[in-house]
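File shown: run.pdb (PDB, C-alpha atoms).
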ATOM      1  CA  ARG A 105       4.948  17.303 -34.430  1.00  0.00           C
ATOM      2  CA  LYS A 106       7.368  16.129 -31.781  1.00  0.00           C
ATOM      3  CA  LEU A 107       6.778  17.370 -28.246  1.00  0.00           C
ATOM      4  CA  THR A 108       9.487  19.187 -26.348  1.00  0.00           C
ATOM      5  CA  PRO A 109      10.845  17.346 -23.270  1.00  0.00           C
ATOM      6  CA  ALA A 110       8.859  19.635 -20.939  1.00  0.00           C
ATOM      7  CA  GLN A 111       5.645  19.075 -22.907  1.00  0.00           C
ATOM      8  CA  ARG A 112       6.218  15.309 -22.949  1.00  0.00           C
ATOM      9  CA  LYS A 113       6.750  15.266 -19.177  1.00  0.00           C
ATOM     10  CA  GLU A 114       3.595  17.325 -18.627  1.00  0.00           C
ATOM     11  CA  LYS A 115       1.590  15.015 -20.919  1.00  0.00           C
ATOM     12  CA  ASN A 116       2.743  11.894 -19.050  1.00  0.00           C
ATOM     13  CA  ALA A 117       1.847  13.497 -15.704  1.00  0.00           C
ATOM     14  CA  ARG A 118      -1.581  14.507 -17.045  1.00  0.00           C
ATOM     15  CA  LYS A 119      -2.230  10.929 -18.223  1.00  0.00           C
ATOM     16  CA  LEU A 120      -1.287   9.493 -14.810  1.00  0.00           C
ATOM     17  CA  LYS A 121      -3.186  12.013 -12.681  1.00  0.00           C
ATOM     18  CA  GLU A 122      -6.790  10.918 -12.771  1.00  0.00           C
ATOM     19  CA  ASP A 123      -9.976  12.781 -12.016  1.00  0.00           C
ATOM     20  CA  THR A 124     -11.037  11.629  -8.547  1.00  0.00           C
ATOM     21  CA  THR A 125     -13.864  14.138  -7.992  1.00  0.00           C
ATOM     22  CA  TYR A 126     -16.517  11.410  -8.218  1.00  0.00           C
ATOM     23  CA  GLY A 127     -14.690   8.874  -6.088  1.00  0.00           C
ATOM     24  CA  VAL A 128     -11.283   7.590  -5.099  1.00  0.00           C
ATOM     25  CA  ASN A 129     -10.233   3.958  -5.480  1.00  0.00           C
ATOM     26  CA  VAL A 130      -8.641   2.563  -2.326  1.00  0.00           C
ATOM     27  CA  ALA A 131      -6.687  -0.662  -1.838  1.00  0.00           C
ATOM     28  CA  VAL A 132      -5.484  -2.180   1.440  1.00  0.00           C
ATOM     29  CA  TYR A 133      -2.589  -4.666   1.311  1.00  0.00           C
ATOM     30  CA  ARG A 134      -1.212  -6.733   4.194  1.00  0.00           C
ATOM     31  CA  LEU A 135       2.401  -7.873   4.359  1.00  0.00           C
ATOM     32  CA  LYS A 136       3.986 -10.263   6.823  1.00  0.00           C
ATOM     33  CA  ASN A 137       7.333  -8.471   6.882  1.00  0.00           C
ATOM     34  CA  LEU A 138       8.506  -5.152   5.462  1.00  0.00           C
ATOM     35  CA  THR A 139      12.081  -4.771   6.687  1.00  0.00           C
ATOM     36  CA  ASN A 140      13.779  -4.881   3.281  1.00  0.00           C
ATOM     37  CA  PRO A 141      14.705  -1.249   2.457  1.00  0.00           C
ATOM     38  CA  ALA A 142      14.660  -1.890  -1.307  1.00  0.00           C
ATOM     39  CA  LYS A 143      11.043  -3.043  -1.158  1.00  0.00           C
ATOM     40  CA  LYS A 144      10.056  -0.125   1.086  1.00  0.00           C
ATOM     41  CA  TRP A 145      11.595   2.203  -1.486  1.00  0.00           C
ATOM     42  CA  LYS A 146       9.697   0.527  -4.352  1.00  0.00           C
ATOM     43  CA  ILE A 147       6.394   0.888  -2.487  1.00  0.00           C
ATOM     44  CA  GLU A 148       6.964   4.561  -1.755  1.00  0.00           C
ATOM     45  CA  LYS A 149       8.535   5.553  -5.085  1.00  0.00           C
ATOM     46  CA  ASN A 150       5.871   3.863  -7.235  1.00  0.00           C
ATOM     47  CA  ALA A 151       3.122   5.569  -5.232  1.00  0.00           C
ATOM     48  CA  GLN A 152       4.825   8.937  -5.821  1.00  0.00           C
ATOM     49  CA  GLN A 153       5.344   8.274  -9.532  1.00  0.00           C
ATOM     50  CA  LEU A 154       1.699   7.250  -9.951  1.00  0.00           C
ATOM     51  CA  TYR A 155       0.526  10.332  -7.972  1.00  0.00           C
ATOM     52  CA  MET A 156      -1.122   8.146  -5.318  1.00  0.00           C
ATOM     53  CA  THR A 157      -1.647   8.968  -1.660  1.00  0.00           C
ATOM     54  CA  GLY A 158      -1.712   6.621   1.302  1.00  0.00           C
ATOM     55  CA  THR A 159       0.121   5.251   4.292  1.00  0.00           C
ATOM     56  CA  VAL A 160       2.219   2.281   5.386  1.00  0.00           C
ATOM     57  CA  VAL A 161       1.876   1.066   8.974  1.00  0.00           C
ATOM     58  CA  LEU A 162       4.630  -1.197  10.278  1.00  0.00           C
ATOM     59  CA  TYR A 163       3.673  -3.363  13.255  1.00  0.00           C
ATOM     60  CA  GLN A 164       5.311  -6.760  13.998  1.00  0.00           C
ATOM     61  CA  ASP A 165       4.001  -9.276  11.431  1.00  0.00           C
ATOM     62  CA  VAL A 166       1.055  -7.113  10.300  1.00  0.00           C
ATOM     63  CA  ASN A 167       2.285  -4.414   7.924  1.00  0.00           C
ATOM     64  CA  VAL A 168      -0.556  -2.558   6.214  1.00  0.00           C
ATOM     65  CA  VAL A 169      -0.192  -0.584   2.970  1.00  0.00           C
ATOM     66  CA  VAL A 170      -3.114   1.686   2.020  1.00  0.00           C
ATOM     67  CA  VAL A 171      -3.086   3.458  -1.361  1.00  0.00           C
ATOM     68  CA  GLU A 172      -5.604   5.879  -2.846  1.00  0.00           C
ATOM     69  CA  GLY A 173      -5.893   6.953  -6.477  1.00  0.00           C
ATOM     70  CA  GLY A 174      -7.702   6.428  -9.764  1.00  0.00           C
ATOM     71  CA  PRO A 175      -8.510   3.108 -11.476  1.00  0.00           C
ATOM     72  CA  LYS A 176      -5.553   3.168 -13.896  1.00  0.00           C
ATOM     73  CA  GLN A 177      -3.167   3.991 -11.073  1.00  0.00           C
ATOM     74  CA  HIS A 178      -4.570   1.128  -9.022  1.00  0.00           C
ATOM     75  CA  LYS A 179      -4.188  -1.349 -11.826  1.00  0.00           C
ATOM     76  CA  LYS A 180      -0.477  -0.519 -12.094  1.00  0.00           C
ATOM     77  CA  TYR A 181       0.081  -0.479  -8.314  1.00  0.00           C
ATOM     78  CA  LYS A 182      -1.788  -3.760  -7.798  1.00  0.00           C
ATOM     79  CA  GLN A 183       0.430  -5.407 -10.391  1.00  0.00           C
ATOM     80  CA  LEU A 184       3.489  -4.049  -8.564  1.00  0.00           C
ATOM     81  CA  MET A 185       2.382  -5.328  -5.159  1.00  0.00           C
ATOM     82  CA  LEU A 186       1.045  -8.736  -6.176  1.00  0.00           C
ATOM     83  CA  GLN A 187       3.271  -9.704  -9.128  1.00  0.00           C
ATOM     84  CA  ARG A 188       6.342  -7.551  -9.778  1.00  0.00           C
ATOM     85  CA  ILE A 189       7.782  -7.490  -6.247  1.00  0.00           C
ATOM     86  CA  LYS A 190       8.984 -10.975  -5.288  1.00  0.00           C
ATOM     87  CA  TRP A 191       7.925 -11.084  -1.628  1.00  0.00           C
ATOM     88  CA  GLU A 192       8.771 -14.766  -1.146  1.00  0.00           C
ATOM     89  CA  GLU A 193      12.486 -13.924  -1.555  1.00  0.00           C
ATOM     90  CA  ASP A 194      12.416 -12.445   1.954  1.00  0.00           C
ATOM     91  CA  SER A 195      11.978 -14.975   4.705  1.00  0.00           C
ATOM     92  CA  TYR A 196      11.656 -13.892   8.319  1.00  0.00           C
ATOM     93  CA  LYS A 197      11.716 -15.397  11.804  1.00  0.00           C
ATOM     94  CA  ASP A 198       8.670 -15.205  14.042  1.00  0.00           C
ATOM     95  CA  LYS A 199       8.702 -14.843  17.855  1.00  0.00           C
ATOM     96  CA  GLU A 200       9.207 -18.587  18.335  1.00  0.00           C
ATOM     97  CA  GLY A 201      12.150 -18.621  15.902  1.00  0.00           C
ATOM     98  CA  GLY A 202      10.308 -20.384  13.071  1.00  0.00           C
ATOM     99  CA  GLN A 203      11.289 -19.444   9.510  1.00  0.00           C
ATOM    100  CA  HIS A 204       8.462 -18.179   7.237  1.00  0.00           C
ATOM    101  CA  ASP A 205       8.206 -16.872   3.682  1.00  0.00           C
ATOM    102  CA  ASN A 206       7.003 -13.322   3.277  1.00  0.00           C
ATOM    103  CA  MET A 207       3.799 -12.641   1.346  1.00  0.00           C
ATOM    104  CA  CYS A 208       1.592  -9.786   0.184  1.00  0.00           C
ATOM    105  CA  GLU A 209      -2.179 -10.082   0.280  1.00  0.00           C
ATOM    106  CA  LEU A 210      -4.874  -7.742  -1.034  1.00  0.00           C
ATOM    107  CA  VAL A 211      -7.197  -7.340   1.950  1.00  0.00           C
ATOM    108  CA  TRP A 212      -9.737  -4.943   0.463  1.00  0.00           C
ATOM    109  CA  GLU A 213     -10.253  -2.684  -2.522  1.00  0.00           C
ATOM    110  CA  GLY A 214     -13.124  -0.326  -3.102  1.00  0.00           C
ATOM    111  CA  GLU A 215     -14.150   3.251  -3.641  1.00  0.00           C
ATOM    112  CA  THR A 216     -14.522   6.183  -1.254  1.00  0.00           C
ATOM    113  CA  LYS A 217     -15.750   9.742  -1.725  1.00  0.00           C
ATOM    114  CA  GLN A 218     -12.487  11.516  -0.912  1.00  0.00           C
ATOM    115  CA  ARG A 219      -8.847  10.890  -0.082  1.00  0.00           C
ATOM    116  CA  ASN A 220      -8.109  10.269   3.606  1.00  0.00           C
ATOM    117  CA  PHE A 221      -4.312  10.489   3.547  1.00  0.00           C
ATOM    118  CA  GLY A 222      -1.740  12.933   2.198  1.00  0.00           C
ATOM    119  CA  GLU A 223       1.405  11.798   0.438  1.00  0.00           C
ATOM    120  CA  MET A 224       2.754   8.299   1.116  1.00  0.00           C
ATOM    121  CA  LYS A 225       4.234   8.076   4.633  1.00  0.00           C
ATOM    122  CA  PHE A 226       5.614   5.238   6.755  1.00  0.00           C
ATOM    123  CA  LYS A 227       4.505   4.898  10.386  1.00  0.00           C
ATOM    124  CA  MET A 228       6.284   2.597  12.852  1.00  0.00           C
ATOM    125  CA  CYS A 229       3.895   1.423  15.582  1.00  0.00           C
ATOM    126  CA  SER A 230       4.910  -0.200  18.849  1.00  0.00           C
ATOM    127  CA  SER A 231       1.449  -1.483  19.733  1.00  0.00           C
ATOM    128  CA  GLU A 232      -1.771  -2.540  18.046  1.00  0.00           C
ATOM    129  CA  SER A 233      -3.652   0.414  19.580  1.00  0.00           C
ATOM    130  CA  THR A 234      -1.170   2.989  18.198  1.00  0.00           C
ATOM    131  CA  ALA A 235      -1.566   1.473  14.741  1.00  0.00           C
ATOM    132  CA  ARG A 236      -5.354   1.657  15.019  1.00  0.00           C
ATOM    133  CA  ASP A 237      -5.149   5.262  16.282  1.00  0.00           C
ATOM    134  CA  HIS A 238      -3.112   6.216  13.203  1.00  0.00           C
ATOM    135  CA  PHE A 239      -6.005   5.038  11.008  1.00  0.00           C
ATOM    136  CA  LYS A 240      -8.580   6.526  13.381  1.00  0.00           C
ATOM    137  CA  ASP A 241      -7.010   9.981  12.922  1.00  0.00           C
ATOM    138  CA  ALA A 242      -7.785   9.670   9.203  1.00  0.00           C
ATOM    139  CA  GLY A 243     -11.280   8.302   9.974  1.00  0.00           C
ATOM    140  CA  VAL A 244     -10.617   4.876   8.445  1.00  0.00           C
ATOM    141  CA  GLU A 245      -9.910   2.597  11.413  1.00  0.00           C
ATOM    142  CA  HIS A 246     -11.903  -0.147   9.649  1.00  0.00           C
ATOM    143  CA  TYR A 247      -8.943  -0.596   7.249  1.00  0.00           C
ATOM    144  CA  TRP A 248      -6.779  -1.616  10.209  1.00  0.00           C
ATOM    145  CA  ASP A 249      -9.538  -3.764  11.740  1.00  0.00           C
ATOM    146  CA  GLN A 250      -9.975  -5.676   8.469  1.00  0.00           C
ATOM    147  CA  ALA A 251      -6.243  -6.208   7.879  1.00  0.00           C
ATOM    148  CA  TYR A 252      -5.514  -7.142  11.504  1.00  0.00           C
ATOM    149  CA  SER A 253      -8.439  -9.569  11.784  1.00  0.00           C
ATOM    150  CA  THR A 254      -7.456 -11.380   8.565  1.00  0.00           C
ATOM    151  CA  ALA A 255      -3.885 -11.592   9.895  1.00  0.00           C
ATOM    152  CA  VAL A 256      -5.088 -13.117  13.166  1.00  0.00           C
ATOM    153  CA  LEU A 257      -7.331 -15.555  11.274  1.00  0.00           C
ATOM    154  CA  SER A 258      -4.529 -16.646   8.939  1.00  0.00           C
ATOM    155  CA  THR A 259      -2.130 -17.282  11.846  1.00  0.00           C
ATOM    156  CA  THR A 260      -4.695 -19.411  13.690  1.00  0.00           C
ATOM    157  CA  GLU A 261      -5.446 -21.420  10.524  1.00  0.00           C
ATOM    158  CA  SER A 262      -1.771 -22.056   9.794  1.00  0.00           C
ATOM    159  CA  SER A 263      -1.065 -23.267  13.360  1.00  0.00           C
TER     160      SER A 263
END
Kindly return the structure encoded in the file as structure tokens.
Amino acid sequence: RKLTPAQRKEKNARKLKEDTTYGVNVAVYRLKNLTNPAKKWKIEKNAQQLYMTGTVVLYQDVNVVVVEGGPKQHKKYKQLMLQRIKWEEDSYKDKEGGQHDNMCELVWEGETKQRNFGEMKFKMCSSESTARDHFKDAGVEHYWDQAYSTAVLSTTESS
């Protein structure tokens, strides 16, 4: 029997929404540059379509994307972030005027007991402390610490 359009839509939503009562998978990605509006849209829209929650913090050359959801959702989102979006197409200039290729890096992925963020939101931060406070409000400042420290380490190694 063929499903009606409403039933088909409900079935697809049910398959994507996963049971996260026993734990929520979390992934933290770090980007060098997230100024391209098309890529911002892809990040936000895919999170909405996969029924994922999270946040995106924009701060100079450390842009952190945190997503929370089930294992199937994470598999699809990880593929989007690390393979489908061509980050190296966007090059950017640093403070000294040097040209660099953009890149996306998976900083951490693991499991937590509950979700810490609501729907996907973008937060523009003027300083490192404001960015950390945004994560501290959700009780997960260690996400920022991990992403920021790996960013600092990678810039010192590349110099």
Picked residues, the PyMOL selection byres ((chain A and resi 134-144) around 7), expected as a VMD selection string
chain A and resid 132 to 133 145 to 148 165 to 169 206 to 211 251
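If you apply the PyMOL selection byres ((chain A and resi 197) around 12) to this structure, you end up with Lys136, Asn137, Thr139, Gln164, Asp165, Asp194, Ser195, Tyr196, Asp198, Lys199, Glu200, Gly201, Gly202, Gln203, His204, Asp205 and Asn206 of chain A.
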Find the residues near Glu245 (chain A): any atom within 12 Å, counting all atoms listed in the file, skip ones fewer than 2 places away on the same chain, and give them as a list in words.
Val132, Val168, Val170, Asn220, Glu232, Ser233, Thr234, Ala235, Arg236, Asp237, His238, Phe239, Lys240, Asp241, Ala242, Gly243, Tyr247, Trp248, Asp249, Gln250, Ala251 and Tyr252 of chain A
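Residues within 6 Å of region 115-128 of chain A, counting only C-alpha atoms and excluding same-chain residues fewer than 6 positions away, are Gly173, Gly174, Glu215, Thr216, Lys217 and Gln218 of chain A.
Proximity to Lys180 (chain A) was assessed for A:Gln111, A:Asn150, A:Thr157, A:Thr254 counting all atoms listed in the file; the smallest distance is recorded for A:Asn150.
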What's around His178 (chain A) at 10 Å? Count only C-alpha atoms, leave out sequence neighbours fewer than 4 positions away in its own chain, and write the answer as a PyMOL selection string.
chain A and resi 129-131+151+154+156+171-174+182-184+213
Selected residue, from A:Lys149, A:Arg112, A:Arg188, A:Arg219, that lies nearest to Val244 (chain A) when counting all atoms listed in the file
A:Arg219
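Across the model, the gap from CA of Val256 (chain A) to CA of Gly222 (chain A) is 28.5 Å.
The space between CA of Ala255 (chain A) and CA of Lys227 (chain A) spans 18.5 Å.
Across the structure, CA of Lys225 (chain A) and CA of Gln177 (chain A) are spaced 17.8 Å apart.
Minimum atom-to-atom distance to Phe221 (chain A), evaluated using all atoms listed in the file, belongs to A:Val160 out of A:Met185, A:Ser253, A:Val160, A:Glu192.
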Return as lines of an AutoDock Vina configuration file the box centre and box size in Å, one decimal, for an axis-aligned box around all listed atoms of region 184-192 of chain A padded by 5 Å per side.
center_x = 5.0
center_y = -9.4
center_z = -5.5
size_x = 17.9
size_y = 20.7
size_z = 18.6
